[in-house]
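File shown: input_25.txt. Contents: compact mmCIF, C-alpha atoms.
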# COMPACT_ATOMS: atom_id res chain seq x y z
CA MET A 1 -12.26 3.11 39.01
CA PHE A 2 -9.33 3.11 36.63
CA ARG A 3 -8.35 6.72 36.88
CA ARG A 4 -7.11 7.78 40.24
CA PRO A 5 -6.24 11.44 40.18
CA LEU A 6 -2.50 11.77 40.56
CA SER A 7 -0.95 14.91 41.90
CA PRO A 8 1.24 16.52 39.26
CA LEU A 9 4.28 15.91 41.47
CA LEU A 10 3.48 12.24 41.91
CA ALA A 11 2.72 11.89 38.23
CA ALA A 12 6.03 13.49 37.37
CA LEU A 13 7.80 11.21 39.82
CA CYS A 14 6.16 8.08 38.39
CA PHE A 15 6.91 9.24 34.90
CA GLY A 16 10.54 9.85 35.86
CA LEU A 17 10.92 6.47 37.53
CA ALA A 18 9.35 4.68 34.61
CA GLY A 19 11.75 6.57 32.41
CA LEU A 20 14.68 5.33 34.46
CA ALA A 21 13.57 1.72 34.48
CA GLN A 22 12.32 1.55 30.93
CA ALA A 23 12.10 3.95 28.08
CA GLN A 24 8.53 4.95 27.39
CA VAL A 25 6.51 3.85 24.40
CA ASN A 26 5.39 6.87 22.45
CA VAL A 27 1.67 6.91 21.65
CA THR A 28 0.59 9.28 18.89
CA THR A 29 -2.95 10.42 17.99
CA PRO A 30 -4.98 7.76 19.77
CA TRP A 31 -8.61 7.80 18.61
CA VAL A 32 -11.75 5.74 18.97
CA ARG A 33 -14.59 5.50 16.51
CA ALA A 34 -17.73 6.99 18.03
CA THR A 35 -20.79 4.75 18.33
CA THR A 36 -24.54 5.05 18.13
CA PRO A 37 -26.40 4.58 21.47
CA ALA A 38 -27.18 0.86 20.99
CA GLN A 39 -23.82 -0.19 19.50
CA LYS A 40 -21.82 -2.50 21.75
CA ALA A 41 -18.41 -2.47 20.09
CA THR A 42 -15.93 -0.14 18.46
CA GLY A 43 -12.25 0.14 17.58
CA ALA A 44 -9.36 2.22 18.91
CA PHE A 45 -6.51 3.31 16.67
CA MET A 46 -3.12 4.99 17.23
CA GLN A 47 0.55 4.97 16.34
CA LEU A 48 3.01 3.30 18.69
CA GLN A 49 6.76 3.68 18.73
CA SER A 50 9.08 2.21 21.30
CA PRO A 51 12.75 3.12 21.83
CA SER A 52 13.48 -0.56 22.54
CA ASP A 53 11.94 -3.89 21.52
CA THR A 54 8.66 -4.48 23.29
CA ALA A 55 5.11 -5.59 22.57
CA LEU A 56 1.60 -4.42 23.29
CA VAL A 57 0.15 -7.35 25.24
CA SER A 58 -3.17 -6.06 26.54
CA ALA A 59 -5.36 -3.03 27.00
CA SER A 60 -8.30 -2.05 29.13
CA SER A 61 -10.80 0.75 29.33
CA PRO A 62 -13.50 1.69 31.83
CA VAL A 63 -15.98 2.05 28.93
CA ALA A 64 -15.67 -1.57 27.74
CA GLY A 65 -16.17 -4.95 29.36
CA VAL A 66 -13.80 -6.71 26.99
CA VAL A 67 -10.77 -5.18 25.26
CA GLU A 68 -8.70 -7.15 22.77
CA ILE A 69 -5.89 -6.56 20.30
CA HIS A 70 -7.07 -7.47 16.81
CA GLU A 71 -5.56 -7.79 13.40
CA MET A 72 -7.68 -7.20 10.35
CA ALA A 73 -6.71 -8.86 7.10
CA MET A 74 -8.19 -8.77 3.63
CA ASN A 75 -8.04 -11.86 1.41
CA ASN A 76 -9.99 -12.12 -1.85
CA ASN A 77 -12.29 -9.34 -0.69
CA VAL A 78 -13.03 -11.18 2.56
CA MET A 79 -12.35 -9.21 5.71
CA SER A 80 -11.15 -11.32 8.58
CA MET A 81 -10.53 -10.20 12.11
CA ARG A 82 -8.39 -12.08 14.55
CA ARG A 83 -7.55 -11.61 18.16
CA ILE A 84 -3.78 -11.59 18.49
CA PRO A 85 -1.99 -12.31 21.78
CA LYS A 86 0.40 -9.41 21.31
CA LEU A 87 1.49 -6.77 18.86
CA ASP A 88 5.26 -6.61 18.48
CA LEU A 89 6.85 -3.16 18.57
CA PRO A 90 10.39 -3.42 17.23
CA ALA A 91 12.70 -0.69 18.51
CA LYS A 92 12.25 2.70 16.84
CA ILE A 93 9.72 1.39 14.31
CA SER A 94 6.39 3.19 14.21
CA VAL A 95 3.59 0.63 14.25
CA GLU A 96 0.24 1.96 13.18
CA LEU A 97 -3.08 0.73 14.47
CA LYS A 98 -5.51 1.87 11.81
CA PRO A 99 -8.62 0.76 9.93
CA GLY A 100 -7.59 -2.03 7.58
CA SER A 101 -4.82 -3.24 9.87
CA TYR A 102 -4.43 -3.56 13.64
CA HIS A 103 -6.86 -2.13 16.13
CA ILE A 104 -7.77 -2.34 19.78
CA MET A 105 -11.27 -3.76 19.90
CA LEU A 106 -13.55 -2.39 22.61
CA MET A 107 -16.48 -4.75 23.22
CA ASP A 108 -19.39 -5.02 25.63
CA LEU A 109 -19.45 -1.22 25.74
CA LYS A 110 -20.94 0.14 28.92
CA GLN A 111 -21.94 3.44 27.39
CA GLN A 112 -22.21 5.23 24.09
CA VAL A 113 -18.97 6.75 22.82
CA LYS A 114 -19.80 10.18 21.48
CA ALA A 115 -17.68 12.16 19.05
CA GLY A 116 -15.41 14.45 21.06
CA ASP A 117 -15.38 12.21 24.15
CA LYS A 118 -12.03 11.36 25.70
CA VAL A 119 -11.89 7.60 26.16
CA PRO A 120 -9.38 6.42 28.78
CA LEU A 121 -7.26 3.47 27.66
CA THR A 122 -4.63 1.65 29.66
CA LEU A 123 -2.05 -0.01 27.44
CA VAL A 124 0.19 -2.76 28.80
CA PHE A 125 3.55 -3.39 27.16
CA GLU A 126 5.89 -6.27 27.87
CA ASP A 127 9.48 -6.62 26.75
CA ALA A 128 11.51 -9.80 26.21
CA LYS A 129 12.48 -9.82 29.92
CA LYS A 130 8.77 -9.92 30.84
CA GLN A 131 9.09 -6.40 32.25
CA GLN A 132 5.69 -4.78 32.04
CA GLN A 133 4.98 -1.15 31.50
CA LYS A 134 1.54 0.42 31.79
CA LEU A 135 0.57 3.54 29.99
CA ASP A 136 -2.64 5.55 30.31
CA VAL A 137 -3.79 7.43 27.26
CA GLN A 138 -6.87 9.45 26.40
CA ALA A 139 -8.24 8.53 22.99
CA GLU A 140 -10.39 11.12 21.29
CA ALA A 141 -13.66 9.80 19.90
CA ARG A 142 -14.05 10.69 16.24
CA GLU A 143 -17.27 10.63 14.28
CA LEU A 144 -18.59 7.24 13.26
CA THR A 145 -17.97 8.20 9.65
CA ALA A 146 -14.26 8.96 10.17
CA MET A 147 -12.42 7.66 7.13
CA PRO A 148 -9.25 5.62 7.56
CA ALA A 149 -6.92 7.35 5.11
CA SER A 150 -6.90 10.72 6.79
CA GLY A 151 -6.71 11.78 10.36
CA HIS A 152 -9.20 14.54 9.74
CA HIS A 153 -12.84 14.89 10.48
CA HIS A 154 -15.32 14.80 7.67
CA HIS A 155 -17.91 17.48 7.41
CA MET B 1 8.60 12.11 -18.94
CA THR B 2 10.73 9.00 -18.85
CA PRO B 3 12.77 7.96 -21.91
CA THR B 4 10.43 4.99 -22.38
CA ALA B 5 7.43 7.23 -22.75
CA LEU B 6 8.05 8.03 -26.40
CA PRO B 7 8.10 4.48 -27.80
CA ARG B 8 5.04 3.67 -25.72
CA ARG B 9 3.23 6.63 -27.17
CA ARG B 10 4.23 5.53 -30.66
CA LEU B 11 2.86 2.08 -29.95
CA LEU B 12 -0.35 3.60 -28.73
CA GLY B 13 -0.53 5.69 -31.86
CA ALA B 14 -0.11 2.58 -34.01
CA ALA B 15 -2.77 0.79 -32.04
CA LEU B 16 -5.10 3.72 -32.46
CA ALA B 17 -4.46 3.85 -36.21
CA ALA B 18 -5.15 0.12 -36.47
CA ALA B 19 -8.34 0.56 -34.52
CA LEU B 20 -9.42 3.40 -36.78
CA LEU B 21 -8.71 1.32 -39.88
CA ALA B 22 -10.65 -1.58 -38.42
CA ALA B 23 -13.47 0.80 -37.64
CA CYS B 24 -13.81 1.63 -41.36
CA ASP B 25 -14.57 -2.01 -42.17
CA THR B 26 -17.03 -2.75 -39.41
CA PRO B 27 -20.10 -0.87 -38.32
CA PRO B 28 -19.26 1.30 -35.31
CA ALA B 29 -20.01 -0.53 -32.07
CA PRO B 30 -21.48 1.45 -29.18
CA PRO B 31 -18.67 2.69 -26.96
CA LEU B 32 -17.89 0.15 -24.26
CA ALA B 33 -18.49 1.54 -20.82
CA GLN B 34 -15.33 1.75 -18.78
CA TYR B 35 -15.95 1.00 -15.14
CA ASN B 36 -13.51 0.98 -12.25
CA ALA B 37 -15.43 -1.85 -10.61
CA THR B 38 -15.74 -5.41 -11.89
CA VAL B 39 -18.52 -5.56 -14.50
CA ILE B 40 -20.79 -8.58 -14.56
CA SER B 41 -23.74 -9.45 -16.69
CA ASP B 42 -26.68 -11.68 -15.79
CA PRO B 43 -24.96 -13.59 -12.99
CA ALA B 44 -26.63 -16.59 -11.36
CA PHE B 45 -26.19 -15.04 -7.92
CA GLY B 46 -27.53 -11.93 -6.22
CA ARG B 47 -30.70 -11.85 -8.30
CA ASP B 48 -33.03 -10.76 -5.52
CA PHE B 49 -33.65 -10.94 -1.79
CA ARG B 50 -36.49 -11.00 0.69
CA LEU B 51 -35.50 -9.12 3.82
CA LYS B 52 -37.07 -6.89 6.43
CA ASP B 53 -36.43 -3.24 7.10
CA PRO B 54 -36.22 -2.02 10.72
CA GLN B 55 -39.95 -1.27 10.65
CA GLY B 56 -40.57 -4.95 9.92
CA ARG B 57 -41.74 -4.45 6.33
CA GLU B 58 -40.84 -7.12 3.76
CA ARG B 59 -38.46 -5.65 1.20
CA SER B 60 -37.10 -6.92 -2.09
CA LEU B 61 -35.04 -5.45 -4.88
CA ALA B 62 -38.09 -4.42 -6.90
CA ASP B 63 -38.91 -1.83 -4.21
CA TRP B 64 -36.12 0.33 -5.65
CA ARG B 65 -36.71 -0.19 -9.36
CA GLY B 66 -35.64 2.97 -11.17
CA LYS B 67 -32.76 3.54 -8.77
CA VAL B 68 -29.22 2.29 -8.76
CA VAL B 69 -28.99 0.03 -5.71
CA LEU B 70 -25.87 -0.75 -3.69
CA VAL B 71 -25.96 -3.73 -1.33
CA PHE B 72 -23.32 -4.33 1.31
CA PHE B 73 -23.28 -7.19 3.83
CA GLY B 74 -21.82 -6.67 7.28
CA TYR B 75 -22.53 -6.30 10.97
CA THR B 76 -22.73 -3.24 13.17
CA GLN B 77 -20.13 -4.40 15.72
CA CYS B 78 -17.58 -4.47 12.91
CA PRO B 79 -15.02 -1.82 13.89
CA ASP B 80 -13.29 -1.53 10.58
CA ALA B 81 -14.48 -2.70 7.15
CA CYS B 82 -18.17 -1.92 7.61
CA PRO B 83 -17.85 1.69 8.80
CA THR B 84 -15.21 2.18 6.12
CA ALA B 85 -17.53 0.90 3.38
CA LEU B 86 -20.50 2.87 4.71
CA SER B 87 -18.40 6.02 5.13
CA ARG B 88 -17.22 5.64 1.56
CA ALA B 89 -20.82 5.20 0.38
CA ALA B 90 -21.73 8.38 2.28
CA ALA B 91 -18.85 10.22 0.59
CA VAL B 92 -20.05 8.91 -2.78
CA MET B 93 -23.56 10.26 -2.11
CA LYS B 94 -22.06 13.71 -1.45
CA LEU B 95 -20.03 13.53 -4.67
CA LEU B 96 -23.12 12.57 -6.67
CA GLY B 97 -25.04 15.69 -5.63
CA ALA B 98 -28.56 15.64 -7.09
CA ASP B 99 -27.93 12.20 -8.67
CA ALA B 100 -27.70 10.73 -5.16
CA ASP B 101 -31.50 10.72 -5.01
CA LYS B 102 -31.42 8.07 -7.75
CA VAL B 103 -29.19 5.82 -5.63
CA GLN B 104 -30.20 3.58 -2.70
CA VAL B 105 -27.63 2.11 -0.32
CA LEU B 106 -28.69 -1.03 1.59
CA PHE B 107 -26.77 -2.61 4.47
CA VAL B 108 -27.69 -6.27 5.05
CA SER B 109 -26.89 -7.65 8.50
CA LEU B 110 -24.99 -10.91 8.78
CA ASP B 111 -25.52 -10.74 12.54
CA PRO B 112 -29.29 -10.61 13.21
CA GLU B 113 -28.75 -11.88 16.76
CA ARG B 114 -26.96 -8.69 17.78
CA ASP B 115 -28.12 -6.30 15.05
CA THR B 116 -31.58 -5.61 16.36
CA PRO B 117 -33.98 -3.55 14.22
CA ALA B 118 -33.46 -0.68 16.67
CA LEU B 119 -29.69 -0.87 16.27
CA LEU B 120 -29.92 -1.09 12.48
CA SER B 121 -32.27 1.88 12.37
CA GLU B 122 -29.85 4.09 14.30
CA TYR B 123 -26.52 2.79 12.95
CA VAL B 124 -27.06 2.64 9.19
CA PRO B 125 -28.66 6.10 8.71
CA SER B 126 -25.96 7.66 10.88
CA PHE B 127 -23.71 7.50 7.81
CA ASP B 128 -26.35 9.00 5.52
CA PRO B 129 -30.03 9.38 6.46
CA ARG B 130 -31.04 7.78 3.13
CA PHE B 131 -29.22 4.51 3.89
CA LEU B 132 -31.34 1.57 4.99
CA GLY B 133 -30.46 -1.47 7.11
CA LEU B 134 -32.06 -4.82 6.25
CA TYR B 135 -32.11 -8.14 8.07
CA THR B 136 -33.85 -11.46 8.29
CA THR B 137 -34.05 -14.21 10.90
CA PRO B 138 -30.90 -15.96 12.10
CA GLU B 139 -32.21 -19.09 10.38
CA ALA B 140 -32.72 -17.40 6.99
CA THR B 141 -29.51 -15.32 6.99
CA PRO B 142 -27.20 -18.10 5.71
CA GLY B 143 -29.52 -18.65 2.74
CA VAL B 144 -29.48 -14.96 1.80
CA ALA B 145 -25.68 -14.92 2.04
CA ALA B 146 -25.49 -18.04 -0.14
CA ASP B 147 -27.79 -16.43 -2.74
CA PHE B 148 -25.23 -13.62 -3.03
CA LYS B 149 -22.15 -15.85 -2.72
CA VAL B 150 -21.29 -13.87 0.38
CA PHE B 151 -18.80 -15.69 2.54
CA TYR B 152 -19.04 -15.20 6.28
CA ARG B 153 -17.88 -17.03 9.35
CA ARG B 154 -18.20 -16.40 13.05
CA ASN B 155 -15.12 -16.38 15.26
CA PRO B 156 -15.85 -17.06 18.91
CA GLY B 157 -14.88 -14.25 21.28
CA ALA B 158 -13.80 -14.07 24.90
CA THR B 159 -17.45 -13.95 25.98
CA PRO B 160 -20.61 -15.21 24.19
CA SER B 161 -21.49 -11.66 23.09
CA THR B 162 -18.06 -10.69 21.73
CA TYR B 163 -17.70 -12.93 18.68
CA THR B 164 -16.47 -11.34 15.47
CA ILE B 165 -17.44 -12.16 11.90
CA ASP B 166 -15.19 -12.60 8.89
CA HIS B 167 -17.10 -11.62 5.79
CA SER B 168 -17.00 -10.60 2.14
CA VAL B 169 -16.74 -6.85 1.64
CA THR B 170 -17.90 -6.61 -1.97
CA THR B 171 -20.58 -4.02 -2.72
CA TYR B 172 -23.19 -5.45 -5.11
CA THR B 173 -24.41 -2.74 -7.44
CA TYR B 174 -27.58 -2.89 -9.53
CA ASN B 175 -28.67 -0.78 -12.46
CA ARG B 176 -32.05 0.96 -12.51
CA ARG B 177 -33.69 -2.14 -13.99
CA GLY B 178 -32.64 -4.28 -11.04
CA GLN B 179 -29.84 -6.10 -12.85
CA LEU B 180 -26.65 -6.81 -10.91
CA ARG B 181 -23.93 -5.04 -12.91
CA LEU B 182 -20.97 -4.06 -10.75
CA LEU B 183 -18.98 -5.66 -7.95
CA ILE B 184 -17.22 -2.85 -6.11
CA GLY B 185 -14.12 -3.88 -4.18
CA HIS B 186 -13.16 -2.65 -0.75
CA ASP B 187 -10.20 -0.59 -1.95
CA SER B 188 -12.22 1.57 -4.34
CA LEU B 189 -12.05 5.30 -3.80
CA PRO B 190 -15.21 7.42 -3.44
CA GLU B 191 -14.36 9.26 -6.68
CA GLN B 192 -14.12 5.98 -8.60
CA VAL B 193 -17.39 4.70 -7.21
CA ALA B 194 -19.16 8.00 -7.94
CA ALA B 195 -17.91 7.92 -11.55
CA ASP B 196 -19.13 4.33 -11.92
CA LEU B 197 -22.55 5.15 -10.49
CA ARG B 198 -22.96 8.17 -12.76
CA GLN B 199 -22.28 5.89 -15.69
CA LEU B 200 -24.53 3.13 -14.39
CA LEU B 201 -27.38 5.64 -14.05
CA GLN B 202 -27.21 6.07 -17.83
CA GLU B 203 -27.72 2.34 -18.50
Write out the structure in this file as structure tokens.
Amino acid sequence: MFRRPLSPLLAALCFGLAGLAQAQVNVTTPWVRATTPAQKATGAFMQLQSPSDTALVSASSPVAGVVEIHEMAMNNNVMSMRRIPKLDLPAKISVELKPGSYHIMLMDLKQQVKAGDKVPLTLVFEDAKKQQQKLDVQAEARELTAMPASGHHHH
Amino acid sequence: MTPTALPRRRLLGAALAAALLAACDTPPAPPLAQYNATVISDPAFGRDFRLKDPQGRERSLADWRGKVVLVFFGYTQCPDACPTALSRAAAVMKLLGADADKVQVLFVSLDPERDTPALLSEYVPSFDPRFLGLYTTPEATPGVAADFKVFYRRNPGATPSTYTIDHSVTTYTYNRRGQLRLLIGHDSLPEQVAADLRQLLQE
């Protein structure tokens, strides 16, 4: 539904055109926390870096009915989670979506996310001129017990 | 070594000498336990609970007398703080080795509407098979939270099923006699928690 197979040539062409119009946001190590079969929500995490000022304004995924950008904050040992309308990406600054900070919240999951799965995510960026840029990424599902500090699996 | 290290060490030495002198005058007190977590004694909150396990059995703190008990409140749709706290607890169990059998980790749902017994029974033990999820009715949940001074609040979501919950992330830790002794903060490292639990097991 969301992933139409693109021929490599077409993909390269699209990529090139996008590159001409707008420099691409760089997405590093996108991952999703795996779920148990009955769980209906999980979080996606990654690092984003844009060559020019832009913002992450929305995301979608075929595995989730609702996808939102959230900010987690800790005050007096109370965790609060807020939907934010956008996540600003100042030029050349790496912004990290990680446990304890920002995440992309995947809700109303349509299926279990198993460790090792590749979860398709479409990220939508918008710059100050309202120019939108869409980017498809594959987020690797890590074990439910993945710890925030390290990017490594626990055994 | 920084240049300031020497005077500080001298100060410490003086303090130690003073302490030793003082010790000659007074009978030696038992060494004060040094915990990483916040130590509390006989608080008016978190004294006990009446909850259900996923099999529907009534459970209370006395069921684990003789064990150190850790209680964490959360909800399974939580993408962040709850899996982090449960993952840390699982790491602590590994660090404790054989002592882990004297420790029980309990996860109390603040979201009984969505955290069904089936979901609790698959989610909580996925971190460590010894962990147990507990819940009560939606009507009784606020009272349990109040008994523990657990703050929580629902934030409406885009759809009726996608609300999120702000909540306290303190881990309530009991000694083997069922007394609430330690409040473990969210930033604690597994090594710190394991050291605290080893010490608490001696109480």
How big is the axis-aligned box around all listed atoms of range 112-118 of chain B once 6 Å goes on each side, and where's its centre, in Å to one decimal, as JSON?
{"center_x": -30.5, "center_y": -6.3, "center_z": 15.5, "size_x": 19.0, "size_y": 23.2, "size_z": 16.6}
Produce a table with one row for each residue of range 14-128 of chain B that has an atom at most 10 Å from any atom of range 105-115 of chain A, each row naming the nearest atom pair and its distance in Å at one decimal; use all atoms listed in the file; arrange rows by chain and rising residue number; format as a tab-separated table.
residue	atom	partner	partner_atom	distance
B:Gln77	CA	A:Met107	CA	8.3
B:Cys78	CA	A:Met105	CA	9.4
B:Pro79	CA	A:Met105	CA	7.3
B:Asp80	CA	A:Met105	CA	9.8
How would the residues just chosen look if you wrote them out with C-alpha atoms as a compact mmCIF listing (two decimals), keeping the file's coordinate frame?
# COMPACT_ATOMS: atom_id res chain seq x y z
CA GLN B 77 -20.13 -4.40 15.72
CA CYS B 78 -17.58 -4.47 12.91
CA PRO B 79 -15.02 -1.82 13.89
CA ASP B 80 -13.29 -1.53 10.58
Could you pull the residues within 12 Å of Asn155 in chain B, counting all atoms listed in the file, minus those fewer than 5 positions along the same chain, as a ChimeraX atom specification? /A:80-83 /B:160-167
Residues of chain B within 9 Å of chain A, counting all atoms listed in the file, as a PyMOL selection string: chain B and resi 76-81+83-84+86-88+90+114-115+118-119+122-123+126-127+150-153+155+157-159+161-162+164-170+185-186
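CA of Asp53 in chain B is positioned 8.4 Å from CA of Ser121 in chain B.
A straight line drawn from CA of Phe45 in chain B to CA of Val69 in chain B is 15.5 Å long.
CA of Leu97 in chain A is found 14.9 Å from CA of Arg142 in chain A.
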Within 7 Å of (-12.7, 11.2, 23.0) (coordinates as in the file), grab all the protein and nucleic acid residues, counting all atoms listed in the file, and write them out as a ChimeraX atom specification. /A:31-32,115-119,138-142
Could you tell me which of A:Thr54, A:Phe45, A:Ile84, A:Ala23 comes closest to Asp127 in chain A if we count only C-alpha atoms? A:Thr54
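Ranking B:Val39, B:Leu61, B:Cys82, B:Val144 by their shortest atom-to-atom distance to Ile184 in chain B, with only C-alpha atoms included, puts B:Val39 first.
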Between B:Leu134, B:Ala140, B:Val103, B:Val193, which is the closest to Arg59 in chain B once you count all atoms listed in the file? B:Leu134
Fewer than 3 positions away in the same chain doesn't count, so skip those; otherwise give me all residues within 12 Å of Asn36 in chain B, counting only C-alpha atoms, as a PyMOL selection string. chain B and resi 33+39+182-185+187-200
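When all atoms listed in the file are used to compute distances to Leu180 in chain B, the closest of the residues B:Gly46, B:Gly56, B:Pro142, B:Pro125 turns out to be B:Gly46.
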